[in-house]
>>> print(open('start.cif').read())   # mmCIF, C-alpha atoms
data_query
#
loop_
_atom_site.label_atom_id
_atom_site.label_comp_id
_atom_site.auth_asym_id
_atom_site.auth_seq_id
_atom_site.Cartn_x
_atom_site.Cartn_y
_atom_site.Cartn_z
CA MET T 9 0.93 11.93 25.83
CA GLU T 10 3.14 13.39 23.10
CA ALA T 11 5.08 10.15 22.82
CA ALA T 12 1.83 8.17 22.64
CA ALA T 13 0.45 10.44 19.91
CA ILE T 14 3.61 10.11 17.80
CA PHE T 15 3.78 6.34 18.33
CA LEU T 16 0.13 5.87 17.34
CA SER T 17 0.57 8.10 14.26
CA LEU T 18 3.54 6.06 13.09
CA PHE T 19 1.58 2.84 13.66
CA PHE T 20 -1.15 4.35 11.51
CA ALA T 21 1.45 5.31 8.88
CA MET T 22 2.55 1.69 8.65
CA ASN T 23 -1.04 0.57 8.14
CA ILE T 24 -1.39 3.22 5.41
CA GLY T 25 1.60 1.63 3.71
CA ALA T 26 0.04 -1.80 4.02
CA SER T 27 -3.15 -0.58 2.36
CA GLY T 28 -1.52 1.72 -0.20
CA ALA T 29 0.80 -1.00 -1.47
CA ALA T 30 -2.01 -2.61 -3.46
CA ALA T 31 -3.06 0.71 -4.93
CA SER T 32 0.42 1.54 -6.21
CA MET T 33 2.12 -1.70 -7.27
CA GLY T 34 -0.76 -4.19 -7.36
CA VAL T 35 -1.22 -3.85 -11.11
CA ALA T 36 2.47 -4.35 -11.95
CA TYR T 37 2.56 -7.38 -9.67
CA GLY T 38 -0.72 -8.82 -10.91
CA THR T 39 0.35 -8.70 -14.57
CA GLY T 40 3.67 -10.37 -13.82
CA ALA T 41 5.80 -7.34 -14.71
CA ILE T 42 7.26 -7.67 -11.20
CA PRO T 43 7.00 -11.39 -10.41
CA ARG T 44 8.37 -11.20 -6.86
CA ARG T 45 6.08 -9.73 -4.23
CA LEU T 46 8.88 -8.31 -2.07
CA ALA T 47 10.44 -6.50 -5.03
CA ALA T 48 7.10 -4.84 -5.81
CA LEU T 49 6.69 -3.71 -2.20
CA ILE T 50 10.24 -2.32 -1.94
CA LEU T 51 9.75 -0.31 -5.13
CA CYS T 52 6.47 0.95 -3.69
CA GLY T 53 8.26 2.09 -0.53
CA ILE T 54 10.87 4.08 -2.47
CA GLY T 55 8.17 5.82 -4.52
CA VAL T 56 6.14 6.65 -1.41
CA ILE T 57 9.10 8.34 0.31
CA LEU T 58 9.91 10.46 -2.74
CA GLY T 59 6.28 11.50 -3.21
CA ALA T 60 5.87 12.45 0.44
CA VAL T 61 9.05 14.53 0.59
CA LEU T 62 8.70 16.25 -2.78
CA GLY T 63 4.96 16.92 -2.87
CA GLY T 64 3.12 15.90 0.30
CA GLY T 65 2.99 19.28 2.04
CA GLU T 66 -0.28 20.63 0.63
CA VAL T 67 -2.41 17.70 1.76
CA VAL T 68 -0.74 17.85 5.19
CA LYS T 69 -1.94 21.44 5.49
CA THR T 70 -5.52 20.41 4.58
CA ILE T 71 -5.68 17.59 7.13
CA SER T 72 -4.05 19.71 9.84
CA SER T 73 -6.18 22.86 9.53
CA GLY T 74 -8.66 22.65 6.65
CA LEU T 75 -11.43 20.52 8.18
CA ILE T 76 -11.89 21.74 11.75
CA PRO T 77 -10.49 24.78 13.59
CA LYS T 78 -6.88 24.26 14.66
CA SER T 79 -7.80 25.53 18.13
CA VAL T 80 -9.85 22.37 18.71
CA ILE T 81 -6.88 20.06 18.19
CA SER T 82 -4.89 19.04 21.27
CA ILE T 83 -2.68 16.05 21.96
CA GLU T 84 -5.72 14.16 23.28
CA ILE T 85 -7.63 14.93 20.08
CA VAL T 86 -4.69 13.73 17.99
CA LEU T 87 -4.87 10.43 19.86
CA VAL T 88 -8.60 10.22 19.18
CA ILE T 89 -8.29 10.97 15.44
CA ILE T 90 -5.37 8.66 14.75
CA GLY T 91 -6.78 5.94 17.01
CA ALA T 92 -10.17 5.91 15.29
CA ALA T 93 -8.64 5.92 11.81
CA ALA T 94 -6.01 3.31 12.68
CA ILE T 95 -8.57 0.90 14.14
CA SER T 96 -10.70 1.13 10.98
CA LEU T 97 -7.71 0.67 8.67
CA PHE T 98 -6.19 -2.16 10.71
CA MET T 99 -9.43 -4.17 10.54
CA ALA T 100 -9.54 -3.72 6.75
CA ASN T 101 -5.90 -4.80 6.40
CA LEU T 102 -6.63 -7.97 8.37
CA MET T 103 -9.34 -8.75 5.81
CA GLY T 104 -6.98 -7.97 2.91
CA ILE T 105 -9.24 -5.20 1.62
CA PRO T 106 -7.80 -2.05 -0.02
CA LEU T 107 -9.25 0.78 2.06
CA SER T 108 -9.05 4.54 1.56
CA THR T 109 -6.94 6.09 4.31
CA SER T 110 -8.23 9.50 3.27
CA GLU T 111 -11.79 8.44 4.00
CA VAL T 112 -11.10 6.99 7.44
CA THR T 113 -8.92 9.96 8.44
CA VAL T 114 -11.36 12.61 7.25
CA GLY T 115 -14.17 10.59 8.88
CA ALA T 116 -12.29 10.60 12.20
CA VAL T 117 -11.62 14.35 11.98
CA VAL T 118 -15.28 15.00 11.16
CA GLY T 119 -16.32 12.90 14.16
CA VAL T 120 -14.26 15.20 16.40
CA GLY T 121 -15.78 18.25 14.70
CA VAL T 122 -19.30 16.93 15.26
CA ALA T 123 -18.54 16.29 18.94
CA PHE T 124 -17.28 19.87 19.38
CA GLN T 125 -19.82 21.34 16.92
CA ALA T 126 -16.96 22.92 14.96
CA LEU T 127 -16.71 21.94 11.29
CA TYR T 128 -15.66 23.63 8.06
CA VAL T 129 -18.67 22.15 6.29
CA GLN T 130 -17.97 23.65 2.87
CA SER T 131 -14.44 22.22 2.76
CA ILE T 132 -15.69 18.80 3.83
CA LEU T 133 -18.40 18.79 1.15
CA VAL T 134 -15.85 19.70 -1.52
CA ILE T 135 -13.58 16.85 -0.41
CA MET T 136 -16.48 14.37 -0.33
CA ALA T 137 -17.53 15.45 -3.83
CA PHE T 138 -14.05 14.65 -5.13
CA TRP T 139 -14.24 11.23 -3.45
CA VAL T 140 -16.91 10.50 -6.06
CA ILE T 141 -15.58 12.57 -8.97
CA ILE T 142 -12.00 11.26 -9.03
CA PRO T 143 -12.81 7.50 -8.92
CA ALA T 144 -15.61 8.03 -11.45
CA ALA T 145 -13.22 9.88 -13.76
CA ALA T 146 -10.69 7.07 -13.37
CA PHE T 147 -13.35 4.50 -14.26
CA PHE T 148 -14.58 6.24 -17.42
CA ILE T 149 -11.10 7.19 -18.67
CA THR T 150 -9.81 3.66 -18.20
CA TYR T 151 -12.93 2.10 -19.73
CA ALA T 152 -12.77 4.35 -22.79
CA VAL T 153 -9.04 3.81 -23.40
CA CYS T 154 -9.21 0.02 -22.89
CA LYS T 155 -12.27 -0.26 -25.14
CA MET T 156 -10.95 1.87 -28.00
CA ALA T 157 -7.33 0.70 -27.89
CA LYS T 158 -8.04 -3.04 -27.64
CA PRO T 159 -6.59 -3.88 -31.11
CA LEU T 160 -3.51 -1.76 -30.38
CA PHE T 161 -2.98 -3.50 -27.05
CA ALA T 162 -2.96 -6.90 -28.78
CA LYS T 163 -0.23 -5.76 -31.20
CA LEU T 164 1.87 -4.24 -28.44
CA GLU T 165 1.64 -7.37 -26.31
CA ALA T 166 2.82 -9.48 -29.25
CA LYS T 167 5.65 -7.26 -30.51
CA ARG T 168 6.75 -5.03 -27.63
CA GLY T 169 6.34 -7.20 -24.58
CA SER T 170 9.68 -6.35 -22.96
CA LEU T 171 9.13 -2.61 -23.47
CA LEU T 172 5.70 -2.86 -21.87
CA ILE T 173 7.21 -4.46 -18.77
CA TYR T 174 9.48 -1.46 -18.18
CA LEU T 175 6.66 1.00 -18.88
CA LEU T 176 4.38 -0.79 -16.46
CA ILE T 177 6.98 -0.78 -13.70
CA ALA T 178 7.52 2.95 -14.30
CA ALA T 179 3.75 3.54 -14.16
CA GLY T 180 3.50 1.62 -10.89
CA PHE T 181 6.35 3.63 -9.41
CA PHE T 182 4.61 6.84 -10.49
CA GLU T 183 1.48 5.65 -8.70
CA ALA T 184 3.50 4.90 -5.56
CA PHE T 185 4.87 8.44 -5.81
CA SER T 186 1.31 9.79 -5.95
CA ALA T 187 0.43 7.68 -2.89
CA GLY T 188 3.23 9.36 -0.97
CA MET T 189 2.00 12.80 -2.01
CA ASN T 190 -1.54 12.16 -0.85
CA ASN T 191 -1.62 9.50 1.87
CA VAL T 192 1.26 10.36 4.19
CA ALA T 193 -0.68 13.45 5.30
CA ASN T 194 -3.33 11.24 6.85
CA ALA T 195 -0.86 10.01 9.48
CA VAL T 196 1.10 13.18 10.24
CA GLY T 197 -1.50 15.92 9.58
CA PRO T 198 -2.97 15.76 13.11
CA LEU T 199 0.56 15.90 14.60
CA VAL T 200 1.31 19.03 12.59
CA ALA T 201 -2.02 20.52 13.73
CA ALA T 202 -1.05 19.96 17.37
CA ASN T 203 2.38 21.56 16.75
CA LEU T 204 4.20 18.33 17.61
CA MET T 205 6.24 18.60 14.40
CA SER T 206 6.63 20.80 11.33
CA VAL T 207 5.27 19.98 7.87
CA GLY T 208 8.79 19.14 6.68
CA GLN T 209 9.46 16.81 9.58
CA GLY T 210 6.06 15.21 9.13
CA VAL T 211 6.47 14.29 5.46
CA TRP T 212 9.92 12.75 6.07
CA LEU T 213 8.93 10.72 9.14
CA GLY T 214 5.54 9.78 7.75
CA GLY T 215 7.04 8.78 4.40
CA LEU T 216 9.57 6.46 6.02
CA PHE T 217 6.96 4.66 8.11
CA VAL T 218 4.44 4.39 5.29
CA ALA T 219 7.19 2.82 3.19
CA ALA T 220 8.04 0.41 6.03
CA GLY T 221 4.38 -0.58 6.32
CA ALA T 222 4.17 -1.26 2.59
CA ILE T 223 7.21 -3.53 2.68
CA LEU T 224 6.37 -5.39 5.89
CA LEU T 225 2.56 -5.55 5.86
CA GLY T 226 1.36 -4.92 2.29
CA GLY T 227 1.41 -8.45 0.90
CA ARG T 228 -2.25 -9.43 1.39
CA VAL T 229 -3.67 -6.23 -0.07
CA LEU T 230 -1.19 -6.48 -2.96
CA GLU T 231 -2.61 -9.92 -3.75
CA THR T 232 -6.19 -8.62 -3.58
CA ASN T 233 -5.76 -5.73 -6.01
CA GLY T 234 -3.29 -7.50 -8.26
CA LYS T 235 -4.90 -10.91 -8.75
CA LYS T 236 -8.41 -11.22 -7.24
CA ILE T 237 -10.42 -8.60 -9.14
CA THR T 238 -9.70 -9.33 -12.81
CA ASN T 239 -6.91 -10.59 -15.05
CA LEU T 240 -4.91 -7.73 -16.57
CA SER T 241 -2.62 -7.40 -19.56
CA LYS T 242 0.49 -5.24 -19.35
CA SER T 243 -1.06 -2.57 -21.61
CA GLU T 244 -4.14 -2.38 -19.42
CA GLY T 245 -1.93 -2.15 -16.34
CA ILE T 246 -0.07 0.84 -17.77
CA VAL T 247 -3.37 2.63 -18.45
CA ILE T 248 -4.67 1.87 -14.94
CA SER T 249 -1.58 2.98 -13.04
CA THR T 250 -0.94 6.08 -15.15
CA THR T 251 -4.56 7.24 -14.97
CA GLY T 252 -4.74 6.82 -11.20
CA ALA T 253 -1.38 8.46 -10.58
CA LEU T 254 -2.15 11.52 -12.71
CA LEU T 255 -5.52 12.11 -11.05
CA VAL T 256 -4.08 11.73 -7.53
CA VAL T 257 -1.05 13.95 -8.24
CA ILE T 258 -3.31 16.72 -9.57
CA SER T 259 -5.56 16.40 -6.50
CA SER T 260 -2.53 16.52 -4.20
CA LEU T 261 -1.27 19.74 -5.77
CA PHE T 262 -4.57 21.33 -4.74
CA GLY T 263 -4.35 19.84 -1.23
CA LEU T 264 -7.27 17.44 -1.71
CA PRO T 265 -7.07 14.13 0.21
CA VAL T 266 -8.53 11.63 -2.25
CA PRO T 267 -9.02 7.83 -2.06
CA LEU T 268 -6.13 6.37 -4.08
CA THR T 269 -7.25 2.80 -3.44
CA GLN T 270 -10.70 3.61 -4.82
CA VAL T 271 -9.16 5.25 -7.88
CA THR T 272 -7.02 2.21 -8.65
CA SER T 273 -9.69 -0.36 -7.82
CA THR T 274 -12.32 1.38 -9.98
CA SER T 275 -9.81 1.55 -12.83
CA ILE T 276 -9.22 -2.20 -12.52
CA MET T 277 -12.99 -2.75 -12.54
CA ALA T 278 -13.26 -0.54 -15.66
CA SER T 279 -10.64 -2.64 -17.42
CA GLY T 280 -12.57 -5.79 -16.56
CA ALA T 281 -15.85 -4.21 -17.69
CA ALA T 282 -14.29 -3.26 -21.04
CA LYS T 283 -13.49 -6.95 -21.62
CA SER T 284 -16.38 -8.82 -20.02
CA GLY T 285 -19.09 -6.24 -19.41
CA ALA T 286 -21.01 -6.18 -16.14
CA LEU T 287 -19.78 -9.64 -15.12
CA VAL T 288 -16.83 -8.10 -13.28
CA PHE T 289 -19.26 -6.46 -10.83
CA GLN T 290 -20.67 -9.86 -9.87
CA LYS T 291 -17.40 -11.01 -8.29
CA GLY T 292 -17.57 -11.39 -4.52
CA ILE T 293 -14.34 -9.47 -3.91
CA VAL T 294 -15.70 -6.41 -5.78
CA LYS T 295 -18.85 -6.38 -3.68
CA LYS T 296 -16.80 -6.75 -0.50
CA ILE T 297 -14.55 -3.81 -1.42
CA VAL T 298 -17.53 -1.54 -2.20
CA LYS T 299 -19.18 -2.38 1.14
CA VAL T 300 -16.02 -1.51 3.06
CA TRP T 301 -15.69 1.77 1.15
CA LEU T 302 -19.21 2.77 2.16
CA VAL T 303 -18.96 1.75 5.80
CA SER T 304 -15.38 2.77 6.71
CA PRO T 305 -15.82 6.58 6.97
CA LEU T 306 -18.91 6.13 9.11
CA VAL T 307 -17.11 3.67 11.39
CA SER T 308 -14.12 5.97 11.96
CA LEU T 309 -16.46 8.96 12.45
CA THR T 310 -18.47 7.08 15.07
CA ILE T 311 -15.36 5.82 16.88
CA SER T 312 -13.81 9.30 17.13
CA TYR T 313 -17.13 10.85 18.23
CA VAL T 314 -17.57 8.22 20.96
CA LEU T 315 -13.98 8.63 22.18
CA VAL T 316 -14.37 12.41 22.47
CA LYS T 317 -17.69 12.17 24.27
CA LEU T 318 -16.52 9.41 26.61
CA PHE T 319 -12.97 10.39 27.56
CA ILE T 320 -12.81 14.14 26.95
CA LYS T 321 -16.32 15.42 27.60
CA SER T 322 -17.54 12.61 29.91
CA ASP T 323 -20.90 12.67 28.10
CA PHE T 324 -22.08 9.14 28.79
CA TYR T 325 -25.59 9.62 27.35
CA SER T 326 -24.30 10.64 23.92
CA THR T 327 -21.73 7.86 24.05
CA PHE T 328 -24.39 5.25 24.78
CA SER T 329 -26.65 6.61 22.02
CA ALA T 330 -23.87 6.51 19.41
CA ILE T 331 -22.86 2.98 20.36
CA ALA T 332 -26.49 1.86 20.26
CA VAL T 333 -27.00 3.32 16.78
CA MET T 334 -23.81 1.71 15.45
CA THR T 335 -24.68 -1.64 17.03
CA ALA T 336 -28.19 -1.53 15.60
CA THR T 337 -26.84 -0.66 12.14
CA LEU T 338 -24.36 -3.53 12.19
CA GLY T 339 -27.10 -5.83 13.45
CA VAL T 340 -29.41 -4.90 10.58
CA LEU T 341 -26.60 -5.44 8.06
CA SER T 342 -25.84 -8.85 9.55
CA LEU T 343 -29.53 -9.80 9.46
CA MET T 344 -29.82 -8.72 5.83
CA ARG T 345 -26.74 -10.77 4.94
CA ALA T 346 -28.18 -13.82 6.75
CA ILE T 347 -31.51 -13.47 4.92
CA LYS T 348 -29.74 -13.13 1.58
CA LYS T 349 -27.62 -16.20 2.32
CA GLU T 350 -30.72 -18.18 3.28
CA LYS T 351 -32.48 -17.20 0.04
CA SER T 352 -29.45 -18.21 -1.99
CA SER T 353 -29.31 -21.56 -0.22
CA VAL T 354 -32.99 -22.26 -0.89
CA HIS T 355 -32.61 -21.22 -4.52
CA GLU T 356 -29.63 -23.54 -5.04
CA GLN T 357 -31.63 -26.43 -3.58
CA GLY T 358 -34.42 -25.79 -6.08
CA GLY T 359 -36.90 -24.61 -3.47
CA GLY T 360 -38.93 -21.43 -3.16
CA ILE T 361 -39.94 -18.87 -0.58
#
>>> encode(input="start.cif", output="C-alpha cells")
Amino acid sequence: MEAAAIFLSLFFAMNIGASGAAASMGVAYGTGAIPRRLAALILCGIGVILGAVLGGGEVVKTISSGLIPKSVISIEIVLVIIGAAAISLFMANLMGIPLSTSEVTVGAVVGVGVAFQALYVQSILVIMAFWVIIPAAAFFITYAVCKMAKPLFAKLEAKRGSLLIYLLIAAGFFEAFSAGMNNVANAVGPLVAANLMSVGQGVWLGGLFVAAGAILLGGRVLETNGKKITNLSKSEGIVISTTGALLVVISSLFGLPVPLTQVTSTSIMASGAAKSGALVFQKGIVKKIVKVWLVSPLVSLTISYVLVKLFIKSDFYSTFSAIAVMTATLGVLSLMRAIKKEKSSVHEQGGGI
C-alpha cells in the first residue's frame, strides 16, 4: 500500500509538470524567445526543482494538515486523494488544457473531508477566495500595464529586441520557480500527512518528478498557452510571466495553494483584451479552458467522495447517489451543448427556431 501510494503520487507529480509547463514557459515559447519546445520544457524543469526545494515547504504543510484533520489521513486515503486528483488532471492533459493542480487536489481533499464529515471550513473558504482574487489581480494588473505602456512596448520591440528576449526567458524561469514553490505540494502533501516522508524529502522527490513530467509530457499544454489564446509580443510576455510569478510566490510564502495556470491564462487573456477588447473572450479555446476550470474541482471532489464511500466505508447508497448526480449533471451539460450546436447550425443556414 505504501509503495502504491508513493507510485501514484509520483505519477500525479509528472502530470502536474505536464500541466504546469504551459503556465511557466508557455509565454516565452509562444513569443519565440525560446523557439525550441524541448529547450523551453527543460528550462521549466530546472526552475521547478529550485522552487520546490527552496520554497515549497509552506504549501506542503497546508495540503498535508491545513484542510482536514491529520488523523483522518491514512495510506488508503492518500491513494484516494491522489487518485482522484490524478484522474482529473490526466484527462485535462489529454485534451491539452492547462488545469489547476491546486484546484483538483484541494477538491479531492475536500471530498474526503465531506465523506468523513471532518473539514476545516474556514481554511478552505480562504483558499477558495484566493482562487478568485489572485487570477483577478493578475488580469487587472496585466491589462493596466499593457494598456498604459503600449507606446513604450513598441519602442522597446524596435530598439531593444535582443534584451527583451533575455528578460522574457528570465521571467519565464521565475514563473517556473514559482510553480515549483506552489504545485509540488499537491503531489507530496498527502504523503507527508500520512508520515510516508518528511517535508524535505517530499519537496526534493516531488520537484524531480514534476520536472520530469514537464519535459516529457508538457508539449501539448505548452502549445495551448503559448500559441492558441492570443498572439503576444515579448514585452507583453515579460509582464505576464513576471506578474504571475510574483503573485504565486507571495501566495506560496503564506502557504496558500493557488491556481498558477489560471493566473497565467487570465494574464494572457488580459493582454489580448488590452489589444482587441472583448474579442479574445470569444475564442473557443478560452471558453474551453474556463469550463474545465469550473468543473475540475467538482469532478475530483466527487471522485474522492465516491472512492471513500465505496471502498473504505462500503456505503453503496451514498456511492450510487453521488454517481447519479454526477451523471445527471454531465448529461444536462451535454444536452445544453447539443442544443447550442443545433441553434448555431440553424442560424448559419439562415433558418429560425
>>> atom_distance(input="start.cif", atom1="atom CA of Gly64 of chain T", atom2="atom CA of Ala222 of chain T")
17.3 Å
>>> atom_distance(input="start.cif", atom1="atom CA of Phe182 of chain T", atom2="atom CA of Gln209 of chain T")
22.9 Å
>>> closest_atom_pairs(input="start.cif", of="segment 58-128 of chain T", to="segment 303-323 of chain T", cutoff="7 Å", atoms="all atoms listed in the file", output="JSON lines")
{"residue": "T:Val88", "atom": "CA", "partner": "T:Ser312", "partner_atom": "CA", "distance": 5.7}
{"residue": "T:Ile89", "atom": "CA", "partner": "T:Ser312", "partner_atom": "CA", "distance": 6.0}
{"residue": "T:Ala92", "atom": "CA", "partner": "T:Ser308", "partner_atom": "CA", "distance": 5.2}
{"residue": "T:Ala93", "atom": "CA", "partner": "T:Ser308", "partner_atom": "CA", "distance": 5.5}
{"residue": "T:Ser96", "atom": "CA", "partner": "T:Ser308", "partner_atom": "CA", "distance": 6.0}
{"residue": "T:Glu111", "atom": "CA", "partner": "T:Pro305", "partner_atom": "CA", "distance": 5.3}
{"residue": "T:Val112", "atom": "CA", "partner": "T:Pro305", "partner_atom": "CA", "distance": 4.8}
{"residue": "T:Gly115", "atom": "CA", "partner": "T:Leu309", "partner_atom": "CA", "distance": 4.5}
{"residue": "T:Ala116", "atom": "CA", "partner": "T:Leu309", "partner_atom": "CA", "distance": 4.5}
{"residue": "T:Val118", "atom": "CA", "partner": "T:Leu309", "partner_atom": "CA", "distance": 6.3}
{"residue": "T:Gly119", "atom": "CA", "partner": "T:Leu309", "partner_atom": "CA", "distance": 4.3}
{"residue": "T:Val120", "atom": "CA", "partner": "T:Tyr313", "partner_atom": "CA", "distance": 5.5}
{"residue": "T:Ala123", "atom": "CA", "partner": "T:Tyr313", "partner_atom": "CA", "distance": 5.7}
>>> resolve_selection(input="start.cif", expression="the PyMOL selection byres ((chain T and resi 276-278) around 7)", output="ChimeraX atom specification")
/T:147,150-151,248,272-275,279-282,288
>>> write_last_selection(input="start.cif", atoms="C-alpha atoms", output="mmCIF file, keeping the file's coordinate frame")
data_model
loop_
_atom_site.group_PDB
_atom_site.id
_atom_site.type_symbol
_atom_site.label_atom_id
_atom_site.label_comp_id
_atom_site.auth_asym_id
_atom_site.auth_seq_id
_atom_site.Cartn_x
_atom_site.Cartn_y
_atom_site.Cartn_z
ATOM 1 C CA PHE T 147 -13.350 4.500 -14.260
ATOM 2 C CA THR T 150 -9.810 3.660 -18.200
ATOM 3 C CA TYR T 151 -12.930 2.100 -19.730
ATOM 4 C CA ILE T 248 -4.670 1.870 -14.940
ATOM 5 C CA THR T 272 -7.020 2.210 -8.650
ATOM 6 C CA SER T 273 -9.690 -0.360 -7.820
ATOM 7 C CA THR T 274 -12.320 1.380 -9.980
ATOM 8 C CA SER T 275 -9.810 1.550 -12.830
ATOM 9 C CA SER T 279 -10.640 -2.640 -17.420
ATOM 10 C CA GLY T 280 -12.570 -5.790 -16.560
ATOM 11 C CA ALA T 281 -15.850 -4.210 -17.690
ATOM 12 C CA ALA T 282 -14.290 -3.260 -21.040
ATOM 13 C CA VAL T 288 -16.830 -8.100 -13.280
#
>>> closest_residue(input="start.cif", among="T:Val80, T:Ala41, T:Ala12, T:Val192", to="Leu172 of chain T", atoms="all atoms listed in the file")
T:Ala41
>>> atom_distance(input="start.cif", atom1="atom CA of Val56 of chain T", atom2="atom CA of Leu268 of chain T")
12.6 Å
>>> closest_residue(input="start.cif", among="T:Met136, T:Ile76, T:Leu171, T:Leu216", to="Ile54 of chain T", atoms="all atoms listed in the file")
T:Leu216
>>> resolve_selection(input="start.cif", expression="the PyMOL selection byres ((chain T and resi 71) around 10)", output="PDB file with C-alpha atoms, in the coordinates of the input")
ATOM      1  CA  GLU T  66      -0.280  20.630   0.630  1.00  0.00           C
ATOM      2  CA  VAL T  67      -2.410  17.700   1.760  1.00  0.00           C
ATOM      3  CA  VAL T  68      -0.740  17.850   5.190  1.00  0.00           C
ATOM      4  CA  LYS T  69      -1.940  21.440   5.490  1.00  0.00           C
ATOM      5  CA  THR T  70      -5.520  20.410   4.580  1.00  0.00           C
ATOM      6  CA  SER T  72      -4.050  19.710   9.840  1.00  0.00           C
ATOM      7  CA  SER T  73      -6.180  22.860   9.530  1.00  0.00           C
ATOM      8  CA  GLY T  74      -8.660  22.650   6.650  1.00  0.00           C
ATOM      9  CA  LEU T  75     -11.430  20.520   8.180  1.00  0.00           C
ATOM     10  CA  ILE T  76     -11.890  21.740  11.750  1.00  0.00           C
ATOM     11  CA  SER T 110      -8.230   9.500   3.270  1.00  0.00           C
ATOM     12  CA  THR T 113      -8.920   9.960   8.440  1.00  0.00           C
ATOM     13  CA  VAL T 114     -11.360  12.610   7.250  1.00  0.00           C
ATOM     14  CA  VAL T 117     -11.620  14.350  11.980  1.00  0.00           C
ATOM     15  CA  ALA T 193      -0.680  13.450   5.300  1.00  0.00           C
ATOM     16  CA  ASN T 194      -3.330  11.240   6.850  1.00  0.00           C
ATOM     17  CA  ALA T 195      -0.860  10.010   9.480  1.00  0.00           C
ATOM     18  CA  VAL T 196       1.100  13.180  10.240  1.00  0.00           C
ATOM     19  CA  GLY T 197      -1.500  15.920   9.580  1.00  0.00           C
ATOM     20  CA  PRO T 198      -2.970  15.760  13.110  1.00  0.00           C
ATOM     21  CA  LEU T 199       0.560  15.900  14.600  1.00  0.00           C
ATOM     22  CA  VAL T 200       1.310  19.030  12.590  1.00  0.00           C
ATOM     23  CA  ALA T 201      -2.020  20.520  13.730  1.00  0.00           C
ATOM     24  CA  GLY T 263      -4.350  19.840  -1.230  1.00  0.00           C
ATOM     25  CA  LEU T 264      -7.270  17.440  -1.710  1.00  0.00           C
ATOM     26  CA  PRO T 265      -7.070  14.130   0.210  1.00  0.00           C
TER      27      PRO T 265
END
>>> closest_residue(input="start.cif", among="T:Pro143, T:Gly25, T:Gly169, T:Gly91", to="Lys242 of chain T", atoms="all atoms listed in the file")
T:Gly169
>>> residues_around(input="start.cif", residues="Ser186 of chain T", least_positions_apart="3", cutoff="6 Å", atoms="all atoms listed in the file", output="tab-separated table (two decimals) with C-alpha atoms, in the frame of the given file")
chain	number	residue	atom	x	y	z
T	59	GLY	CA	6.28	11.50	-3.21
T	183	GLU	CA	1.48	5.65	-8.70
T	189	MET	CA	2.00	12.80	-2.01
T	253	ALA	CA	-1.38	8.46	-10.58
T	256	VAL	CA	-4.08	11.73	-7.53
T	257	VAL	CA	-1.05	13.95	-8.24
>>> closest_atom_pairs(input="start.cif", of="segment 94-183 of chain T", to="segment 48-53 of chain T", cutoff="9 Å", atoms="all atoms listed in the file", output="CSV")
residue,atom,partner,partner_atom,distance
T:Ile177,CA,T:Ala48,CA,8.9
T:Gly180,CA,T:Cys52,CA,7.8
T:Phe181,CA,T:Cys52,CA,6.3
T:Glu183,CA,T:Cys52,CA,8.5
>>> closest_residue(input="start.cif", among="T:Ser79, T:Asn191, T:Ser259, T:Ser206", to="Val134 of chain T", atoms="all atoms listed in the file")
T:Ser259
>>> resolve_selection(input="start.cif", expression="the PyMOL selection byres ((chain T and resi 9) around 10)", output="CSV table (one decimal) with C-alpha atoms, in the frame of the given file")
chain,number,residue,atom,x,y,z
T,10,GLU,CA,3.1,13.4,23.1
T,11,ALA,CA,5.1,10.2,22.8
T,12,ALA,CA,1.8,8.2,22.6
T,13,ALA,CA,0.4,10.4,19.9
T,14,ILE,CA,3.6,10.1,17.8
T,15,PHE,CA,3.8,6.3,18.3
T,83,ILE,CA,-2.7,16.0,22.0
T,84,GLU,CA,-5.7,14.2,23.3
T,86,VAL,CA,-4.7,13.7,18.0
T,87,LEU,CA,-4.9,10.4,19.9
>>> closest_residue(input="start.cif", among="T:Ile223, T:Ala126, T:Leu213, T:Ala166", to="Ile81 of chain T", atoms="only C-alpha atoms")
T:Ala126
>>> axis_aligned_box(input="start.cif", around="segment 252-260 of chain T", padding_each_side="4 Å", output="AutoDock Vina command-line options")
--center_x -3.3 --center_y 11.8 --center_z -8.5 --size_x 12.5 --size_y 17.9 --size_z 16.5
